[in-house]
>>> print(open('model.cif').read())   # mmCIF, C-alpha atoms and all ligand atoms
data_start
loop_
_atom_site.label_atom_id
_atom_site.label_comp_id
_atom_site.auth_asym_id
_atom_site.auth_seq_id
_atom_site.Cartn_x
_atom_site.Cartn_y
_atom_site.Cartn_z
CA MET N 23 162.45 101.51 115.72
CA ARG N 24 163.04 97.77 115.88
CA PRO N 25 163.82 95.58 112.91
CA CYS N 26 161.18 93.14 111.73
CA ASP N 27 161.13 89.82 113.50
CA GLY N 28 158.02 88.04 112.31
CA SER N 29 154.58 88.76 111.02
CA PRO N 30 151.99 89.54 113.66
CA SER N 31 150.11 91.49 111.02
CA ARG N 32 149.26 88.37 109.04
CA ARG N 33 148.71 85.82 111.77
CA GLY N 34 145.64 83.73 111.09
CA ARG N 35 145.02 85.18 107.65
CA ALA N 36 144.97 83.40 104.33
CA PRO N 37 147.96 84.25 102.13
CA VAL N 38 147.22 86.98 99.64
CA THR N 39 148.12 87.03 95.99
CA ALA N 40 149.10 90.35 94.55
CA PRO N 41 147.73 91.16 91.10
CA ALA N 42 150.28 91.58 88.32
CA LEU N 43 150.61 95.09 86.94
CA SER N 44 150.52 95.67 83.22
CA ALA N 45 150.46 99.27 82.00
CA ARG N 46 150.39 100.22 78.32
CA ASP N 47 150.49 103.49 76.38
CA VAL N 48 149.68 105.61 79.40
CA THR N 49 149.64 109.38 79.17
CA VAL N 50 148.58 111.76 81.91
CA THR N 51 147.70 115.33 81.03
CA ALA N 52 146.96 118.45 83.04
CA ALA N 53 143.61 120.19 82.78
CA ASP N 54 145.09 122.49 80.12
CA GLY N 55 146.17 119.47 78.04
CA ARG N 56 149.89 119.68 78.93
CA LEU N 57 151.50 116.25 78.97
CA LEU N 58 152.64 115.38 82.50
CA LEU N 59 153.63 111.75 82.04
CA ARG N 60 154.21 109.20 79.33
CA LEU N 61 154.65 105.52 80.12
CA ASP N 62 154.64 103.21 77.12
CA ARG N 63 154.98 99.90 78.88
CA LEU N 64 155.44 98.65 82.42
CA ASP N 65 155.03 95.12 83.73
CA VAL N 66 155.46 94.28 87.39
CA ALA N 67 155.16 90.71 88.62
CA PRO N 68 153.15 89.91 91.75
CA GLY N 69 155.27 90.41 94.85
CA ALA N 70 158.00 92.41 93.11
CA ALA N 71 159.50 95.59 94.54
CA LEU N 72 159.88 98.50 92.12
CA GLY N 73 161.72 101.73 92.85
CA VAL N 74 160.83 104.94 91.01
CA ARG N 75 163.46 107.65 90.87
CA GLY N 76 164.00 110.90 89.03
CA PRO N 77 164.55 114.62 89.49
CA SER N 78 162.11 116.83 91.33
CA GLY N 79 159.08 117.64 89.21
CA ALA N 80 159.82 114.86 86.72
CA GLY N 81 156.49 113.10 87.20
CA LYS N 82 157.18 110.38 89.79
CA SER N 83 154.17 111.18 91.97
CA THR N 84 152.05 111.50 88.86
CA LEU N 85 153.07 107.96 87.88
CA LEU N 86 152.33 106.62 91.36
CA ASN N 87 148.97 108.38 91.49
CA ALA N 88 148.01 106.95 88.11
CA LEU N 89 148.97 103.42 89.19
CA ALA N 90 146.94 103.93 92.37
CA GLY N 91 143.90 105.08 90.43
CA LEU N 92 144.01 108.43 92.20
CA LEU N 93 144.00 110.10 88.82
CA ARG N 94 142.68 108.90 85.53
CA PRO N 95 145.09 108.87 82.59
CA ALA N 96 144.15 110.58 79.35
CA THR N 97 145.06 107.44 77.40
CA GLY N 98 146.20 103.89 77.98
CA ALA N 99 145.51 100.95 80.24
CA ILE N 100 146.67 100.24 83.80
CA ARG N 101 145.72 96.66 84.55
CA TRP N 102 146.06 95.21 88.02
CA GLY N 103 145.22 91.59 87.41
CA GLY N 104 142.07 91.65 85.33
CA THR N 105 141.06 95.18 86.30
CA ASP N 106 141.97 98.19 84.19
CA VAL N 107 141.83 101.00 86.74
CA ALA N 108 142.24 103.54 83.95
CA ALA N 109 138.85 102.47 82.59
CA LEU N 110 137.01 102.72 85.91
CA GLY N 111 135.02 105.67 87.17
CA GLU N 112 136.11 107.45 90.33
CA ALA N 113 133.93 105.48 92.74
CA ALA N 114 135.05 102.14 91.32
CA ARG N 115 138.71 103.22 91.45
CA ASP N 116 138.26 104.24 95.09
CA ALA N 117 136.69 100.87 95.91
CA PHE N 118 139.46 98.97 94.10
CA ARG N 119 142.14 100.96 95.90
CA ARG N 120 140.55 100.40 99.31
CA ARG N 121 140.32 96.67 98.67
CA PHE N 122 143.78 95.97 97.26
CA MET N 123 146.14 98.86 98.00
CA GLY N 124 147.93 100.54 100.84
CA LEU N 125 149.21 104.06 100.20
CA ILE N 126 152.00 105.94 101.96
CA PHE N 127 152.06 109.64 101.12
CA GLN N 128 154.93 112.09 101.28
CA ASP N 129 153.11 114.32 103.76
CA PHE N 130 151.55 111.49 105.83
CA LEU N 131 147.94 112.81 105.72
CA LEU N 132 147.31 111.78 109.32
CA PHE N 133 144.42 112.93 111.49
CA GLU N 134 146.15 115.25 113.96
CA GLU N 135 143.70 114.84 116.82
CA LEU N 136 143.68 111.04 116.76
CA SER N 137 146.02 108.61 118.49
CA PRO N 138 148.58 106.59 116.53
CA LEU N 139 146.31 103.54 116.75
CA ASP N 140 143.22 105.40 115.59
CA ASN N 141 145.21 106.72 112.65
CA ALA N 142 146.77 103.38 111.77
CA ALA N 143 143.38 101.66 111.98
CA VAL N 144 141.41 104.35 110.16
CA GLY N 145 140.77 101.98 107.24
CA ALA N 146 138.47 99.99 109.53
CA ALA N 147 135.92 102.76 109.16
CA PHE N 148 135.57 101.90 105.47
CA ALA N 149 135.75 98.12 105.87
CA PRO N 150 132.88 95.65 106.35
CA ARG N 151 131.94 95.36 110.01
CA ALA N 152 133.26 91.79 110.22
CA GLU N 153 136.79 92.91 109.25
CA ARG N 154 137.12 95.92 111.53
CA ALA N 155 138.49 94.21 114.64
CA ALA N 156 141.15 92.42 112.60
CA ILE N 157 142.29 95.66 110.97
CA ARG N 158 142.57 97.32 114.38
CA ALA N 159 144.53 94.36 115.76
CA ARG N 160 146.90 94.42 112.79
CA ALA N 161 147.35 98.18 113.17
CA ALA N 162 148.30 97.71 116.84
CA ALA N 163 150.74 94.91 115.98
CA LEU N 164 152.33 96.97 113.21
CA LEU N 165 152.78 100.00 115.46
CA ASP N 166 154.42 97.78 118.06
CA ARG N 167 156.73 96.34 115.45
CA LEU N 168 157.61 99.78 114.14
CA GLY N 169 158.28 101.06 117.66
CA VAL N 170 155.41 103.52 118.05
CA ALA N 171 153.28 103.56 121.23
CA ALA N 172 149.78 102.93 119.91
CA GLY N 173 147.76 105.06 122.30
CA ALA N 174 150.37 107.40 123.69
CA ARG N 175 148.99 110.77 122.56
CA ASP N 176 147.54 112.43 119.52
CA VAL N 177 149.86 112.52 116.57
CA SER N 178 150.11 116.32 116.38
CA ARG N 179 152.93 116.23 118.94
CA MET N 180 154.86 113.39 117.37
CA SER N 181 158.09 113.63 115.39
CA GLY N 182 158.27 113.37 111.62
CA GLY N 183 159.80 109.94 111.93
CA GLU N 184 157.05 108.70 114.24
CA ARG N 185 154.41 110.10 111.92
CA GLN N 186 156.03 108.37 108.97
CA ARG N 187 155.92 105.03 110.79
CA ILE N 188 152.26 105.54 111.68
CA ALA N 189 151.59 106.20 108.00
CA VAL N 190 153.30 102.92 107.14
CA ALA N 191 151.26 101.04 109.75
CA ARG N 192 148.09 102.61 108.35
CA ALA N 193 149.00 101.58 104.80
CA LEU N 194 149.61 97.98 105.87
CA SER N 195 146.82 97.50 108.40
CA GLY N 196 144.31 96.43 105.77
CA GLY N 197 146.62 93.66 104.53
CA PRO N 198 147.08 95.26 101.08
CA ARG N 199 148.27 93.28 98.08
CA VAL N 200 149.93 96.35 96.62
CA ILE N 201 151.81 99.00 98.61
CA LEU N 202 152.43 102.32 96.89
CA ALA N 203 154.77 104.68 98.71
CA ASP N 204 155.72 108.27 97.87
CA GLU N 205 159.01 109.22 99.57
CA PRO N 206 158.41 106.84 102.49
CA THR N 207 161.65 107.79 104.26
CA ALA N 208 161.66 111.53 103.64
CA SER N 209 161.37 112.41 107.34
CA LEU N 210 163.84 109.91 108.70
CA ASP N 211 167.53 109.96 109.47
CA ARG N 212 169.74 107.45 107.68
CA ALA N 213 169.54 104.70 110.28
CA ASN N 214 165.76 104.92 110.67
CA ALA N 215 165.25 105.25 106.93
CA ASP N 216 167.16 102.02 106.39
CA LEU N 217 165.18 100.25 109.10
CA LEU N 218 161.88 101.51 107.78
CA ILE N 219 162.54 100.38 104.24
CA ALA N 220 163.75 97.00 105.49
CA ASP N 221 160.57 96.67 107.55
CA LEU N 222 158.38 97.73 104.66
CA LEU N 223 159.95 95.23 102.28
CA ALA N 224 159.90 92.43 104.85
CA LEU N 225 156.24 93.01 105.67
CA ALA N 226 155.32 93.14 101.99
CA ARG N 227 157.30 90.01 101.15
CA GLU N 228 155.81 88.00 104.00
CA GLY N 229 152.40 88.60 102.50
CA GLY N 230 153.46 88.33 98.86
CA GLY N 231 152.58 91.97 98.31
CA THR N 232 153.95 94.17 95.54
CA VAL N 233 155.78 97.37 96.53
CA ILE N 234 156.22 100.42 94.34
CA ALA N 235 158.19 103.18 96.05
CA VAL N 236 159.03 106.64 94.75
CA SER N 237 162.14 108.07 96.35
CA HIS N 238 164.97 110.53 95.91
CA ASP N 239 167.00 108.34 98.26
CA PRO N 240 169.21 105.93 96.29
CA ALA N 241 169.32 103.62 99.31
CA VAL N 242 165.56 103.18 99.00
CA THR N 243 165.41 102.57 95.26
CA MET N 244 168.46 100.29 95.29
CA ALA N 245 166.76 98.14 97.93
CA MET N 246 164.05 97.31 95.38
CA ASP N 247 164.22 94.54 92.78
CA ARG N 248 164.00 96.97 89.87
CA ILE N 249 164.10 100.67 89.17
CA VAL N 250 162.14 102.82 86.77
CA SER N 251 163.44 106.32 86.11
CA VAL N 252 161.15 109.23 85.35
CA VAL N 253 162.84 112.12 83.61
CA ASP N 254 161.03 115.10 82.18
CA GLY N 255 157.69 113.30 82.30
CA VAL N 256 158.91 110.12 80.63
CA ALA N 257 159.17 106.84 82.54
CA ARG N 258 162.06 104.71 81.34
CA ASP N 259 164.31 101.78 82.18
CA GLY N 260 166.66 102.15 85.09
CA ASP N 261 170.09 100.62 85.14
CA HIS N 262 169.21 98.29 88.00
CA ALA N 263 167.86 95.01 86.61
CA GLY N 264 165.52 94.76 83.68
CA ALA N 265 162.50 97.00 84.01
CA ALA N 266 160.18 96.40 81.07
CA VAL N 267 159.53 100.04 80.39
CA VAL N 268 159.83 101.53 76.96
CA ALA N 269 160.52 105.23 77.03
CA ALA N 270 159.04 107.69 74.63
CA PRO N 271 161.51 110.14 73.11
CA VAL N 272 161.62 113.34 75.11
CA ALA N 273 161.25 115.26 71.87
CA GLU N 274 157.90 113.56 71.35
CA ARG N 275 156.77 114.73 74.76
CA ALA N 276 157.89 118.25 74.01
CA ARG N 277 155.68 118.24 70.93
CA ALA N 278 152.58 117.13 72.80
N1 LIG L 301 147.07 118.29 88.74
C1 LIG L 301 148.09 118.87 88.11
N2 LIG L 301 147.86 119.86 87.22
C2 LIG L 301 148.88 120.45 86.57
N3 LIG L 301 150.17 120.10 86.75
C3 LIG L 301 150.46 119.14 87.61
C4 LIG L 301 149.44 118.46 88.34
N4 LIG L 301 150.03 117.55 89.14
C5 LIG L 301 151.36 117.66 88.90
N5 LIG L 301 151.61 118.60 88.00
C6 LIG L 301 152.92 118.96 87.45
O1 LIG L 301 153.44 117.77 86.89
C7 LIG L 301 154.83 117.73 87.05
C8 LIG L 301 155.23 116.45 87.76
O2 LIG L 301 154.82 116.53 89.12
P1 LIG L 301 155.10 115.34 90.13
O3 LIG L 301 154.59 115.74 91.47
O4 LIG L 301 154.59 114.08 89.55
O5 LIG L 301 156.69 115.29 90.13
P2 LIG L 301 157.69 114.49 91.10
O6 LIG L 301 158.71 113.86 90.21
O7 LIG L 301 156.92 113.58 91.98
O8 LIG L 301 158.34 115.67 91.93
P3 LIG L 301 158.93 115.70 93.43
O9 LIG L 301 160.11 114.79 93.42
O10 LIG L 301 159.33 117.13 93.61
O11 LIG L 301 157.84 115.28 94.37
C9 LIG L 301 155.23 119.00 87.78
O12 LIG L 301 155.61 119.95 86.81
C10 LIG L 301 153.94 119.41 88.46
O13 LIG L 301 153.90 120.80 88.65
#
>>> encode(input="model.cif", output="structure tokens", more="lines below")
Ligand SMILES: Nc1ncnc2c1ncn2[C@@H]1O[C@H](COP(=O)(O)OP(=O)(O)OP(=O)(O)O)[C@@H](O)[C@H]1O
Amino acid sequence: MRPCDGSPSRRGRAPVTAPALSARDVTVTAADGRLLLRLDRLDVAPGAALGVRGPSGAGKSTLLNALAGLLRPATGAIRWGGTDVAALGEAARDAFRRRFMGLIFQDFLLFEELSPLDNAAVGAAFAPRAERAAIRARAAALLDRLGVAAGARDVSRMSGGERQRIAVARALSGGPRVILADEPTASLDRANADLLIADLLALAREGGGTVIAVSHDPAVTMAMDRIVSVVDGVARDGDHAGAAVVAAPVAERARA
């Protein structure tokens, strides 16, 4: 993988403005009513980079999925700019996410039989016809920058690291204003993990995009501007800069 050296992905495009995030009094519950996550308050400025850390099973992915609108909280508001995704129905949340967000999942979720380019440009299928060529061109430029041969072979025979980089290119090919990543370096060795996170942050910053990254890897979370910790289903301040998160007492969660 090569380090970032410019921004082919954004050439010729108007600068984007990321929406500010403001979350209040959010709770996420399981189908049986069990409390999975409590987040009293979280504010993230446009273009900021937020790390989310915590033990396995603590609720980090649940937090990310709620911020992405992939799940609907039981209570509270999750405002991206003027839009409260927690108040939207599923179709409207999907549309909002497609328009503004790029997601990187822990297990990639690639189409095995497609080439790296077809995977990275898959968002074109959901975009207006006039935007499709640009998405494909950005996907090709991103793959080049991340050191993956765009049309080499289908992704089923590629390494975990290559697949991870394709997933990053896919997340960024639509020019998202918000990038949400769940363990984006899980499949990479130290050197490639460091390069990938540097690339991800550089690409996001060039476009003014916000990054929120869940990771067990301290090198990833410490590369962000701020850290939120999730412990036992409660999101709270980290010790790295001033995250505006107010934690609920764990005892309160245990009662719920
Ligand atoms: N849809 C669901 N229904 C019931 N329980 C769930 C659901 N999704 C997640 N959980 C539970 O919520 C808790 C938090 O899960 P989550 O995946 O958010 O943790 P995590 O911190 O991301 O863990 P890891 O680091 O291992 O990925 C776990 O106990 C998990 O089993």
>>> residues_near_point(input="model.cif", point="(152.2, 90.5, 95.0)", cutoff="12 Å", atoms="only C-alpha atoms", output="ChimeraX atom specification")
/N:37-43,66-72,102-103,122-123,197-202,223,225-234
>>> residues_around(input="model.cif", residues="N:Lys82", least_positions_apart="6", cutoff="9 Å", atoms="all atoms listed in the file", output="MDAnalysis selection string")
chainID N and resid 59 74:76 204 236:237 251:253 255 257
>>> closest_residue(input="model.cif", among="N:Leu164, N:Leu92, N:Ala45, N:Leu210", to="N:Leu194", atoms="only C-alpha atoms")
N:Leu164
>>> residues_near_ligand(input="model.cif", ligand="ligand LIG 301 (chain L)", cutoff="6 Å", atoms="only C-alpha atoms and all ligand atoms", output="JSON, numbers by chain")
{"N": [52, 58, 77, 78, 79, 80, 81, 82, 83, 84]}
>>> closest_residue(input="model.cif", among="N:Thr243, N:Thr51, N:Gln186, N:Ser209", to="N:Pro138", atoms="all atoms listed in the file")
N:Gln186
>>> atom_distance(input="model.cif", atom1="atom CA of N:Ala162", atom2="atom CA of N:Met246")
26.6 Å
>>> axis_aligned_box(input="model.cif", around="stretch 226-239 of chain N", padding_each_side="4 Å", output="AutoDock Vina command-line options")
--center_x 159.7 --center_y 99.3 --center_z 99.2 --size_x 22.6 --size_y 30.5 --size_z 17.7
>>> atom_distance(input="model.cif", atom1="atom CA of N:Arg167", atom2="atom CA of N:Pro240")
24.8 Å
>>> closest_residue(input="model.cif", among="N:Arg179, N:Arg60, N:Arg185, N:Arg192", to="N:Arg120", atoms="only C-alpha atoms")
N:Arg192
>>> closest_residue(input="model.cif", among="N:Ala163, N:Ile249, N:Ala96, N:Ala208", to="N:Ser195", atoms="all atoms listed in the file")
N:Ala163
